[in-house]
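Here's the structure, in structure tokens; my notes come after.
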Amino acid sequence: MTFDLSGRTALITGASSGLGAHFAEIFVAAGARVVIGARRIDRVEALAARLGDKALPVAIDVTDETSIAAAYDRAEAHFGTVDTIIANAGVANGGRSVDVAASALRATIDTNFTGVLLTAREGARRLIAAGSRETGRGRIVLVGSITAHLTGQGDSAYAASKAAVAHLGRNLAREWVRQGINVNVIQPGYIQTEIAGDWFESEGGAKQIAAWHRRRFMPIDVLDPQLLYFASDASAMVTGSVIDIDDGQSL
């Protein structure tokens with residue numbers, strides 16, 4: 001199944017590696033223009049060089065409203081209104097809750113929850129001002145995690161932040177339902193990307209893989225059909241959804 005994103009402009013956060021960089025590639029392949037943002041500007045610049053003139057690299061720190069607004073300003077000056085927002089930036093600071101530093105806990109919540117909200121609302125403000133109520137073209141996808149409903153994974157703050165993202169998605173969908181903006185949440189299972197670090201090379205990580213019913217990672221492209229659907233005109237009547245894609249890892 002393919003979806004045509006021609007004419008759309010998407011802003012993707014956390015695009016310096018992993019899922020965010022992959023999302024940029026599939027959006028360009030589907031015909032969209034992409035604004036690829038991250039704190040590691042050298043990485044998104046290198047990605048944009050590979051993707052060509054449909055990609056604009058921007059420095060963005062999702063915990064900083066000024067940085068977010070500046071990224072949208074650059075996007076609008078270069079491509080026009082951003083009609084598709086993929087709030088993907090996230091961090092993980094694993095460990096037992098009694099051991100993780102307070103600063104690490106704050107960084108997790110600031111990036112994974114507050115940063116998602118700040119990114120989505122800035123995009124929504126601009127979509128509404130540009131007439132999304134009339135066009136119905138607004139699309140926002142929040143990237144959560146199946147840890148939102150798991151326990152005992154050694155990442156309580158991360159899991160709690162992702163649970164908050166799931167509820168946030170439904171609340172924002174309700175808030176903007178008459179403004180032509182659809183908000184949906186994708187909750188992926190475990191994919192071997194940079195955010196996991198070397199955990200899955202450890203003894204504990206190997207035991208976690210062995211506990212999954214199918215004992216395997218998901219490939220990085222497993223989210224593509226759902227993400228492209230949520231970003232496309234085909235999903236005009238879908239908002240407030242929270243979708244698990246996890247190969248049965250959470251069963």
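Numbering starts fresh at 1 for the residues of each chain in the structure tokens, the chains themselves are lettered A, B, ... in the order given, and ligands are numbered from 1 as they appear.
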Problem - Residues within 12 Å of Gly152 of chain A, only C-alpha atoms, excluding chain neighbours under 3 positions, as a PyMOL selection string - result: chain A and resi 94-97+147-149+155-160+208
Taking all heavy atoms for each residue, export the selection above as a compact mmCIF listing (two decimals), in the first residue's frame.
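Generated output (result.txt):
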```txt
# COMPACT_ATOMS: atom_id res chain seq x y z
N GLY A 94 17.59 5.13 31.29
CA GLY A 94 17.16 3.93 31.98
C GLY A 94 17.86 3.73 33.31
O GLY A 94 18.86 4.37 33.63
N GLY A 95 17.30 2.81 34.07
CA GLY A 95 17.85 2.48 35.38
C GLY A 95 16.75 2.40 36.42
O GLY A 95 15.62 2.84 36.19
N ARG A 96 17.06 1.83 37.56
CA ARG A 96 16.09 1.75 38.65
C ARG A 96 15.74 3.15 39.13
O ARG A 96 16.61 4.02 39.25
CB ARG A 96 16.64 0.92 39.80
CG ARG A 96 16.82 -0.56 39.45
CD ARG A 96 17.47 -1.32 40.59
NE ARG A 96 16.68 -1.26 41.81
CZ ARG A 96 15.63 -2.05 42.07
NH1 ARG A 96 15.26 -2.97 41.18
NH2 ARG A 96 14.96 -1.93 43.21
N SER A 97 14.48 3.37 39.41
CA SER A 97 14.02 4.71 39.78
C SER A 97 14.72 5.26 41.01
O SER A 97 14.89 6.47 41.15
CB SER A 97 12.50 4.69 40.01
OG SER A 97 11.83 4.38 38.82
N THR A 147 5.92 0.97 25.87
CA THR A 147 6.22 1.04 27.30
C THR A 147 5.17 1.84 28.05
O THR A 147 5.12 1.78 29.29
CB THR A 147 7.61 1.65 27.55
OG1 THR A 147 7.65 2.97 27.01
CG2 THR A 147 8.70 0.80 26.92
N ALA A 148 4.32 2.58 27.33
CA ALA A 148 3.24 3.33 27.96
C ALA A 148 2.33 2.42 28.78
O ALA A 148 1.70 2.88 29.75
CB ALA A 148 2.41 4.06 26.90
N HIS A 149 2.24 1.13 28.42
CA HIS A 149 1.40 0.24 29.20
C HIS A 149 2.13 -1.03 29.66
O HIS A 149 1.53 -2.06 29.93
CB HIS A 149 0.12 -0.12 28.43
CG HIS A 149 0.33 -0.54 27.01
ND1 HIS A 149 0.74 -1.79 26.66
CD2 HIS A 149 0.17 0.14 25.85
CE1 HIS A 149 0.82 -1.88 25.34
NE2 HIS A 149 0.49 -0.73 24.83
N ASP A 155 12.70 1.47 33.16
CA ASP A 155 12.69 2.82 32.57
C ASP A 155 11.38 3.51 32.92
O ASP A 155 10.64 3.95 32.06
CB ASP A 155 12.87 2.75 31.05
CG ASP A 155 11.89 1.78 30.38
OD1 ASP A 155 11.01 1.24 31.09
OD2 ASP A 155 11.99 1.59 29.17
N SER A 156 11.12 3.63 34.22
CA SER A 156 9.83 4.13 34.69
C SER A 156 9.51 5.53 34.19
O SER A 156 8.38 5.81 33.78
CB SER A 156 9.77 4.11 36.22
OG SER A 156 9.80 2.78 36.69
N ALA A 157 10.49 6.43 34.21
CA ALA A 157 10.23 7.80 33.76
C ALA A 157 9.93 7.83 32.27
O ALA A 157 9.03 8.54 31.81
CB ALA A 157 11.42 8.70 34.08
N TYR A 158 10.69 7.06 31.50
CA TYR A 158 10.45 6.98 30.06
C TYR A 158 9.05 6.44 29.79
O TYR A 158 8.28 7.00 29.01
CB TYR A 158 11.49 6.07 29.41
CG TYR A 158 11.34 5.89 27.92
CD1 TYR A 158 11.88 6.82 27.03
CD2 TYR A 158 10.67 4.79 27.40
CE1 TYR A 158 11.74 6.65 25.66
CE2 TYR A 158 10.52 4.62 26.03
CZ TYR A 158 11.06 5.55 25.17
OH TYR A 158 10.91 5.39 23.81
N ALA A 159 8.69 5.34 30.45
CA ALA A 159 7.38 4.73 30.25
C ALA A 159 6.27 5.70 30.64
O ALA A 159 5.26 5.83 29.93
CB ALA A 159 7.28 3.44 31.05
N ALA A 160 6.44 6.39 31.76
CA ALA A 160 5.42 7.33 32.20
C ALA A 160 5.28 8.49 31.21
O ALA A 160 4.17 8.96 30.93
CB ALA A 160 5.78 7.86 33.59
N GLN A 208 15.56 -9.98 27.77
CA GLN A 208 14.35 -9.28 27.36
C GLN A 208 13.90 -9.75 25.98
O GLN A 208 12.72 -10.02 25.76
CB GLN A 208 14.58 -7.77 27.36
CG GLN A 208 13.31 -6.98 27.06
CD GLN A 208 13.51 -5.48 27.17
OE1 GLN A 208 14.63 -5.01 27.40
NE2 GLN A 208 12.45 -4.73 26.99
```
Problem - Polymer residues at most 10 Å from segment 248-250 of chain A, only C-alpha atoms, same-chain spacing of 6 or more positions, as number ranges by chain - result: A: 146-147, 149-150, 188-190, 208-209, 211-218
Practice task
Enumerate as a ChimeraX atom specification all residues of segment 99-176 of chain A assigned to alpha helix (DSSP H) by DSSP on the backbone, naming them with the chain letters and numbers the document uses.
Solution key: /A:102-109,115-129,132-135,156-175
Exercise for the section: Within 6 Å of segment 59-68 of chain A, counting only C-alpha atoms, which residues show up once you throw out same-chain ones fewer than 5 positions away? Write them as number ranges by chain, please. Expected result: A: 37-39, 41, 110-111, 115
Fill in the blank from the handout: One residue among A:Ala10, A:Val116, A:Val141, A:Val44 is nearest to Ala30 of chain A when using only C-alpha atoms, and that residue is A:Ala10
Practice task
For Val238 of chain A, list every protein, DNA or RNA residue within 8 Å, evaluated using only C-alpha atoms, and leave out those in the same chain fewer than 3 positions away; present the list as a list in words.
Solution key: Asn182, Asn184, Phe230, Ser235 and Ser241 of chain A
